[in-house]
Structure formats: structure tokens, C-alpha cells
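K.L.:
Below is one structure. I have some questions about it.
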Amino acid sequence: MYLEEIVHDIQLENDKFESKGKLNRENVLGWLKSIAGFANASGGEFYIGVEDKTNKLIGFDRASADNERNYFNNQVNEHLVPVPQMKLSFIRYEINSNERFVIRVQIPESMIKPVILKYKGIPSIFMRRDGFTNGATYEEIIEMSVKSKNTQYDVLLSDKKYEAANYTMLREFYASHNDGRELSEKALQSMGFYNEEGMLANGAVLFEDHYQEKKTEVQCSVFSGFTRGSERIVTVNRFHGNIISVINYMMEFVTQRMNHSIIKQGNTRENIDAYPQRALFEGVINAVAHRDYFLDGTQIQVDMFKDRLEISSPGSFYRGEKIGKTYDLPGIISKRRNELIAAVLVSCNVMEAAGTGFDKIIEEYTGKGEAHRPYIYSTSDHFTLVLPDLTYLEGVEDGSIPVLLFAPVPQGTVYDDKVLSFCYYQARKASEIAEYLGISNSTYLRKQVLGNLEKNQYLEKNKVSRTMYYKTNSDMVTLN
């Protein structure tokens with residue numbers, strides 16, 4: 001018998017499912033990390049008494065099931081902090097007239113994060129992604145902490161006092177986008193710019209004229225070709241300052257270096273910019289407004305390639321959906337990560353009061369063809385807006401496949417690079433890999449290519465229901 005025969009509402013094809021025939025007493029860490037990973041992600045279900053590879057029922061008699069549950073509870077209570085709010089239940093079935101039980105553990109997303117696994121005195125934090133449980137990244141740990149506390153960097157109070165004379169650039173920026181009107185003190189107070197004692201919020205500090213710390217750092221680069229790894233870097237500039245100066249710097253960097261062309265239509269000529277000014281401005285504002293300012297040592301990246309512009313901001317979409325690559329920009333739902341910074345930019349009339357402003361970007365590219373459609377891709381630690389270069393007629397093929405650096409794979413094949421890049425952000429089936437490579441889903445692919453990568457620990461393999469998924473081991477490669 002199989003699990004799906006006795007649990008009719010089970011969803012075997014997603015990444016929120018895992019099973020074990022029996023809890024391994026010799027490798028407690030191996031299964032405890034799955035419980036912690038589910039709790040730190042969006043939850044999941046863990047079955048005990050079910051064969052890992054096939055979902056075949058192993059089960060327990062009544063006494064053994066009770067002992068297994070007690071052992072599970074003891075280990076969780078001893079090693080996980082805080083203990084996730086789980087629901088344990090017995091699922092009864094009969095085989096050959098004998099009563100058997102499977103243990104079902106339902107793990108919701110923890111309200112308090114991160115859930116820490118302490119084993120042999122060593123604390124670890126795990127995260128569930130794409131059917132795999134691995135160590136959480138630095139950015140994920142910060143994000144979990146922020147979500148748990150329900151706080152945002154920009155609204156926390158600083159130790160600085162408000163001085164009106166320190167905000168001339170903000171006032172000029174406000175006036176230039178509001179027909180010359182002045183930014184009032186009442187408006188600043190209503191946004192939470194400073195409190196009744198005159199203490200500034202963190203976000204307000206970032207707008208000071210003379211702000212020079214690196215919370216706002218940007219790196220702007222120009223590449224001669226299509227990728228970061230294989231082409232010459234023409235320019236790399238770094239800059240940090242107040243938010244207004246950062247916005248102006250990014251706009252000027254791209255505007256001064258982008259291509260222009262003239263299109264003749266009959267007796268008229270039309271000047272075409274590589275990147276429409278309104279789309280470019282919306283992209284820059286979005287990166288600043290939704291940046292994760294908790295993440296020190298990071299920067300907004302503005303990268304110009306032969307066929308596109310990429311604007312990447314630290315932090316995934318805040319409390320929004322985790323997406324890979326999407327052309328449906330208006331359909332993206334993401335809550336504001338920085339309420340105060342967003343409120344200031346809205347008051348300056350450069351950001352939508354509701355939404356991300358992606359509709360304006362779509363409008364600017366309407367009628368430009370499939371190869372010139374802007375898109376976004378998001379990972380656990382950054383999101384990137386891609387604007388195609390309208391003067392490059394061939395358009396953009398696929399900028400969401402990363403360029404990786406890694407040591408040569410023993411007995412490797414010519415497909416290793418493409419496979420690891422394709423499986424870096426998302427776990428893939430062999431059939432999907434074959435289609436991407438343009439080859440058949442053959443024994444050669446599964447054994448000589450994928451099998452060899454797995455053997456040498458470049459790929460991780462996981463079975464969801466009866467389907468095998470492959471994902472690049474991020475410890476073995478480096479993003480270029």
C-alpha cells in the first residue's frame with residue numbers, strides 16, 4: 001500500500017512533503033533539520049512510517065507508534081528553539097487484517113523565527129527550498145528575524161535629532177516633482193519622519209544632505225557583452241550618499257552611457273533611447289524603495305549589458321510571493337518593506353501610493369515585441385528588474401540563468417555548466433533539463449551527466465512522490 005491510498009488530501013507534488021520509514025537514532029540531525037526547515041519556511045507535512053523513496057507504507061503497531069511519537073517529541077523539545085507549534089496525529093490502516101499506524105506531523109510556518117536547531121552544542125538554522133533542506137543564508141536569517149519582530153529598519157528610531165536645515169536636497173526634489181510646492185513640517189511629522197521629541201527615524205537619516213554611510217551604496221557597471229563572466233568590464237563605479245543623490249547618480253550613470261538610435265518612418269524620424277526614461281526611473285525608484293536596509297555590506301547593482309539593463313536590489317520581495325522569473329509585472333504582489341521611505345517617495349510624487357509602479361514600465365515597452373519585454377526574477381536574497389535595450393534589435397533571450405564559477409567536475413561533460421546554471425535557482429526534472437539542453441531524456445543524460453554531477457556533489461537529488469528533482473549545490477559553485 002502507498003500513502004496516497006489512505007491520505008486522500010495529500011499533495012505529493014510540492015515541496016512541503018517529506019517522509020521517513022523510521023526516525024534514525026544514529027542521525028537525529030538528518031531529520032530534525034527538516035522539521036526546522038519547514039517551520040522557518042512556509043510549513044509542511046512530515047510522515048513517519050512511510051518509505052522515503054516510494055511513499056510505500058511501512059507503518060507501526062500501536063505500541064511502536066506511540067513510542068515513535070514520544071521519541072519524536074523528546075528530540076524536538078530537546079533540540080529546537082523555539083519549539084514549533086506542530087500537530088501530531090495517527091493515521092490507522094489495515095493490511096492482511098493487521099492494524100497499522102502512520103504518524104502524521106503537520107508543521108505550520110513558525111510565528112517566531114528563526115527556529116534554531118541545537119545539536120551537540122552547535123546551533124544551526126535551516127531553510128526549506130524547492131524540496132530540499134539546507135542551511136539558511138545570511139539574508140534569509142535577517143529576513144526571518146525582521147518578519148518575526150514585525151519591524152522595519154526605516155521606522156525604527158535613530159539617535160539623531162531632526163534639523164530642518166539638513167534636508168535641502170529632499171525639499172528641492174519634492175518641489176521639482178510637485179510643481180514647486182514646499183514640503184511641510186506637518187507632512188513630515190504625519191509620515192513618522194521624526195517623533196514628538198524630534199528624534200529621527202532610521203529612514204529619515206538616509207535622506208540627510210550629508211549622509212555618507214554605506215546603507216545606500218550602489219555599484220554601477222558596464223559590460224561589453226552579454227554576461228558578467230565571459231566579457232570585458234568597461235566600467236565599475238561605486239557610490240553612496242543620501243537617497244536623493246543615489247537616485248540621481250543611478251539615473252545619470254545609465255542616461256550618459258546608454259545607446260540611442262534614429263528610426264525613419266516615412267518623412268519623420270524618431271529618436272529611440274535604449275531604455276525609456278520613465279521605465280528607467282520607475283526601476284530605480286523601486287530598487288531604492290524596496291531595498292532591505294538591514295543587510296549591511298550589500299549594494300544595489302545597476303549592470304548594463306549589450307542587450308539589457310539589470311537593476312538588482314538586496315532582499316527578496318517583502319512578504320510577497322517567491323518568484324523565479326515572470327513577465328507579469330503588474331501581477332506581482334509585494335508589501336512595502338520600508339513604509340517611511342516609500343511614504344516620502346510617494347509624497348514626492350515619484351512612487352505610486354498603491355502598487356509598485358510596474359504598470360508604467362509595461363506601458364513604455366508596449367508594442368516593442370516579445371524579445372523586448374521587461375521581466376523580473378527574485379531569489380531568497382535579491383530581486384532584479386530587467387529592461388531590454390530597445391536599440392538592440394535581437395532583444396533579450398534569458399537573463400535569469402546565472403553565470404557560475406566552479407572547479408572542473410571529474411569526468412565532466414560539455415553540459416555541466418548549463419545544467420548547474422539551469423538548476424541553480426530552481427529544482428528541475430530530468431525532462432526539463434533535457435529540453436533546456438536540446439537533447440533527449442536519455443540514459444546518458446541521467447547517468448553520465450546528472451549522475452556524475454550528483455556523485456561529485458555538484459547536484460543534489462531529491463524525490464517528490466515518484467519524480468526525481470535536481471538542484472545545484474550552492475556550496476560547490478559561486479555566482480559570477
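Labeling convention for the C-alpha cells: chains A, B, ... as they appear, residues from 1 per chain, ligands from 1 in order of appearance.
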Taking the DSSP assignment computed from this structure's backbone, write out as a ChimeraX atom specification all residues of segment 195-432 of chain A that belong to alpha helix (DSSP H).

P.N.:
/A:202-205,243-257,277-289,339-347,358-365,416-422,430-432

K.L.:
Could you check how far atom CA of Ile262 of chain A sits from atom CA of Tyr392 of chain A, in Å to one decimal?

P.N.:
12.4 Å

K.L.:
Compile the contact shell of segment 422-431 of chain A as a PDB file with N, CA, C and O atoms, in the first residue's frame: residues with an atom at most 9 Å away, counting only C-alpha atoms, same-chain residues fewer than 3 positions apart removed.

P.N.:
ATOM      1  N   ARG A 129      13.718  24.793   0.744  1.00  0.00           N
ATOM      2  CA  ARG A 129      13.574  25.419  -0.568  1.00  0.00           C
ATOM      3  C   ARG A 129      13.505  24.351  -1.649  1.00  0.00           C
ATOM      4  O   ARG A 129      14.363  23.467  -1.691  1.00  0.00           O
ATOM      5  N   ASP A 130      12.502  24.411  -2.504  1.00  0.00           N
ATOM      6  CA  ASP A 130      12.405  23.547  -3.688  1.00  0.00           C
ATOM      7  C   ASP A 130      12.552  22.062  -3.350  1.00  0.00           C
ATOM      8  O   ASP A 130      13.191  21.306  -4.086  1.00  0.00           O
ATOM      9  N   GLY A 131      11.981  21.622  -2.238  1.00  0.00           N
ATOM     10  CA  GLY A 131      12.032  20.212  -1.873  1.00  0.00           C
ATOM     11  C   GLY A 131      13.308  19.795  -1.173  1.00  0.00           C
ATOM     12  O   GLY A 131      13.502  18.616  -0.884  1.00  0.00           O
ATOM     13  N   PHE A 132      14.204  20.736  -0.882  1.00  0.00           N
ATOM     14  CA  PHE A 132      15.463  20.452  -0.203  1.00  0.00           C
ATOM     15  C   PHE A 132      15.555  21.267   1.084  1.00  0.00           C
ATOM     16  O   PHE A 132      15.012  22.378   1.167  1.00  0.00           O
ATOM     17  N   GLY A 324      10.432  33.017  -9.511  1.00  0.00           N
ATOM     18  CA  GLY A 324      11.653  32.838 -10.262  1.00  0.00           C
ATOM     19  C   GLY A 324      11.754  33.966 -11.270  1.00  0.00           C
ATOM     20  O   GLY A 324      12.264  35.033 -10.998  1.00  0.00           O
ATOM     21  N   THR A 379      15.067  35.950  -5.975  1.00  0.00           N
ATOM     22  CA  THR A 379      15.605  34.830  -5.217  1.00  0.00           C
ATOM     23  C   THR A 379      15.426  35.132  -3.739  1.00  0.00           C
ATOM     24  O   THR A 379      14.759  36.092  -3.362  1.00  0.00           O
ATOM     25  N   SER A 400      17.806  35.283 -16.722  1.00  0.00           N
ATOM     26  CA  SER A 400      17.589  34.749 -15.374  1.00  0.00           C
ATOM     27  C   SER A 400      18.445  33.530 -15.092  1.00  0.00           C
ATOM     28  O   SER A 400      18.446  33.023 -13.977  1.00  0.00           O
ATOM     29  N   ILE A 401      19.144  33.017 -16.106  1.00  0.00           N
ATOM     30  CA  ILE A 401      20.052  31.888 -15.893  1.00  0.00           C
ATOM     31  C   ILE A 401      21.399  32.442 -15.471  1.00  0.00           C
ATOM     32  O   ILE A 401      22.036  33.167 -16.233  1.00  0.00           O
ATOM     33  N   PRO A 402      21.855  32.157 -14.266  1.00  0.00           N
ATOM     34  CA  PRO A 402      23.068  32.802 -13.757  1.00  0.00           C
ATOM     35  C   PRO A 402      24.337  32.259 -14.396  1.00  0.00           C
ATOM     36  O   PRO A 402      24.370  31.145 -14.922  1.00  0.00           O
ATOM     37  N   LEU A 404      27.976  30.912 -13.497  1.00  0.00           N
ATOM     38  CA  LEU A 404      28.571  30.308 -12.312  1.00  0.00           C
ATOM     39  C   LEU A 404      30.062  30.052 -12.525  1.00  0.00           C
ATOM     40  O   LEU A 404      30.515  29.809 -13.647  1.00  0.00           O
ATOM     41  N   ASP A 417      28.181  22.961 -17.257  1.00  0.00           N
ATOM     42  CA  ASP A 417      27.971  24.386 -16.995  1.00  0.00           C
ATOM     43  C   ASP A 417      26.496  24.758 -17.127  1.00  0.00           C
ATOM     44  O   ASP A 417      25.915  25.408 -16.259  1.00  0.00           O
ATOM     45  N   LYS A 418      25.878  24.340 -18.226  1.00  0.00           N
ATOM     46  CA  LYS A 418      24.473  24.684 -18.467  1.00  0.00           C
ATOM     47  C   LYS A 418      23.544  24.037 -17.450  1.00  0.00           C
ATOM     48  O   LYS A 418      22.571  24.656 -16.986  1.00  0.00           O
ATOM     49  N   VAL A 419      23.825  22.791 -17.086  1.00  0.00           N
ATOM     50  CA  VAL A 419      22.971  22.089 -16.111  1.00  0.00           C
ATOM     51  C   VAL A 419      23.015  22.794 -14.760  1.00  0.00           C
ATOM     52  O   VAL A 419      21.980  23.057 -14.137  1.00  0.00           O
ATOM     53  N   ALA A 434      16.633  18.143 -20.010  1.00  0.00           N
ATOM     54  CA  ALA A 434      16.843  17.674 -21.383  1.00  0.00           C
ATOM     55  C   ALA A 434      16.303  18.677 -22.404  1.00  0.00           C
ATOM     56  O   ALA A 434      16.959  18.983 -23.403  1.00  0.00           O
ATOM     57  N   GLU A 435      15.100  19.211 -22.128  1.00  0.00           N
ATOM     58  CA  GLU A 435      14.503  20.189 -23.038  1.00  0.00           C
ATOM     59  C   GLU A 435      15.352  21.448 -23.116  1.00  0.00           C
ATOM     60  O   GLU A 435      15.555  22.016 -24.196  1.00  0.00           O
ATOM     61  N   TYR A 436      15.879  21.888 -21.969  1.00  0.00           N
ATOM     62  CA  TYR A 436      16.713  23.089 -21.937  1.00  0.00           C
ATOM     63  C   TYR A 436      18.012  22.876 -22.719  1.00  0.00           C
ATOM     64  O   TYR A 436      18.477  23.776 -23.436  1.00  0.00           O
ATOM     65  N   SER A 440      17.880  14.511 -25.860  1.00  0.00           N
ATOM     66  CA  SER A 440      16.837  13.584 -25.406  1.00  0.00           C
ATOM     67  C   SER A 440      17.029  13.242 -23.936  1.00  0.00           C
ATOM     68  O   SER A 440      18.137  13.287 -23.403  1.00  0.00           O
ATOM     69  N   ASN A 441      15.930  12.897 -23.285  1.00  0.00           N
ATOM     70  CA  ASN A 441      15.954  12.477 -21.874  1.00  0.00           C
ATOM     71  C   ASN A 441      16.415  11.026 -21.832  1.00  0.00           C
ATOM     72  O   ASN A 441      15.643  10.104 -21.639  1.00  0.00           O
ATOM     73  N   LEU A 445      22.068  11.108 -20.333  1.00  0.00           N
ATOM     74  CA  LEU A 445      21.829  12.326 -19.558  1.00  0.00           C
ATOM     75  C   LEU A 445      21.719  12.004 -18.077  1.00  0.00           C
ATOM     76  O   LEU A 445      22.359  12.645 -17.241  1.00  0.00           O
ATOM     77  N   ARG A 446      20.919  10.990 -17.741  1.00  0.00           N
ATOM     78  CA  ARG A 446      20.642  10.690 -16.326  1.00  0.00           C
ATOM     79  C   ARG A 446      21.848  10.110 -15.608  1.00  0.00           C
ATOM     80  O   ARG A 446      22.047  10.373 -14.417  1.00  0.00           O
ATOM     81  N   LEU A 450      23.921  13.893 -15.260  1.00  0.00           N
ATOM     82  CA  LEU A 450      23.340  14.191 -13.951  1.00  0.00           C
ATOM     83  C   LEU A 450      23.914  13.290 -12.856  1.00  0.00           C
ATOM     84  O   LEU A 450      24.206  13.765 -11.747  1.00  0.00           O
ATOM     85  N   LEU A 459      25.439  18.406  -7.801  1.00  0.00           N
ATOM     86  CA  LEU A 459      23.975  18.384  -7.839  1.00  0.00           C
ATOM     87  C   LEU A 459      23.436  17.647  -6.624  1.00  0.00           C
ATOM     88  O   LEU A 459      24.034  16.667  -6.168  1.00  0.00           O
ATOM     89  N   GLU A 460      22.302  18.128  -6.110  1.00  0.00           N
ATOM     90  CA  GLU A 460      21.575  17.419  -5.062  1.00  0.00           C
ATOM     91  C   GLU A 460      20.319  16.822  -5.680  1.00  0.00           C
ATOM     92  O   GLU A 460      19.643  17.469  -6.490  1.00  0.00           O
ATOM     93  N   LYS A 461      20.023  15.596  -5.313  1.00  0.00           N
ATOM     94  CA  LYS A 461      18.882  14.895  -5.897  1.00  0.00           C
ATOM     95  C   LYS A 461      17.840  14.635  -4.816  1.00  0.00           C
ATOM     96  O   LYS A 461      18.178  14.242  -3.701  1.00  0.00           O
ATOM     97  N   ASN A 462      16.581  14.853  -5.164  1.00  0.00           N
ATOM     98  CA  ASN A 462      15.504  14.629  -4.204  1.00  0.00           C
ATOM     99  C   ASN A 462      14.282  14.101  -4.941  1.00  0.00           C
ATOM    100  O   ASN A 462      13.977  14.532  -6.047  1.00  0.00           O
ATOM    101  N   THR A 467       8.743  11.402  -8.719  1.00  0.00           N
ATOM    102  CA  THR A 467       9.505  12.214  -9.660  1.00  0.00           C
ATOM    103  C   THR A 467      10.795  12.695  -9.016  1.00  0.00           C
ATOM    104  O   THR A 467      10.798  13.185  -7.890  1.00  0.00           O
ATOM    105  N   MET A 468      11.912  12.578  -9.751  1.00  0.00           N
ATOM    106  CA  MET A 468      13.218  12.992  -9.245  1.00  0.00           C
ATOM    107  C   MET A 468      13.511  14.432  -9.657  1.00  0.00           C
ATOM    108  O   MET A 468      13.283  14.819 -10.800  1.00  0.00           O
ATOM    109  N   TYR A 469      13.984  15.223  -8.701  1.00  0.00           N
ATOM    110  CA  TYR A 469      14.350  16.609  -8.967  1.00  0.00           C
ATOM    111  C   TYR A 469      15.836  16.815  -8.681  1.00  0.00           C
ATOM    112  O   TYR A 469      16.393  16.200  -7.767  1.00  0.00           O
ATOM    113  N   TYR A 470      16.459  17.711  -9.450  1.00  0.00           N
ATOM    114  CA  TYR A 470      17.879  18.009  -9.296  1.00  0.00           C
ATOM    115  C   TYR A 470      18.050  19.501  -9.021  1.00  0.00           C
ATOM    116  O   TYR A 470      17.413  20.340  -9.662  1.00  0.00           O
ATOM    117  N   LYS A 471      18.935  19.802  -8.048  1.00  0.00           N
ATOM    118  CA  LYS A 471      19.201  21.200  -7.732  1.00  0.00           C
ATOM    119  C   LYS A 471      20.698  21.379  -7.486  1.00  0.00           C
ATOM    120  O   LYS A 471      21.341  20.539  -6.861  1.00  0.00           O
ATOM    121  N   THR A 472      21.239  22.478  -7.971  1.00  0.00           N
ATOM    122  CA  THR A 472      22.667  22.751  -7.816  1.00  0.00           C
ATOM    123  C   THR A 472      23.020  22.959  -6.346  1.00  0.00           C
ATOM    124  O   THR A 472      22.320  23.659  -5.623  1.00  0.00           O
ATOM    125  N   ASN A 473      24.107  22.334  -5.934  1.00  0.00           N
ATOM    126  CA  ASN A 473      24.620  22.517  -4.572  1.00  0.00           C
ATOM    127  C   ASN A 473      25.355  23.862  -4.537  1.00  0.00           C
ATOM    128  O   ASN A 473      26.453  23.992  -5.094  1.00  0.00           O
ATOM    129  N   SER A 474      24.760  24.847  -3.871  1.00  0.00           N
ATOM    130  CA  SER A 474      25.329  26.198  -3.876  1.00  0.00           C
ATOM    131  C   SER A 474      26.692  26.264  -3.188  1.00  0.00           C
ATOM    132  O   SER A 474      27.443  27.227  -3.397  1.00  0.00           O
TER     133      SER A 474
END
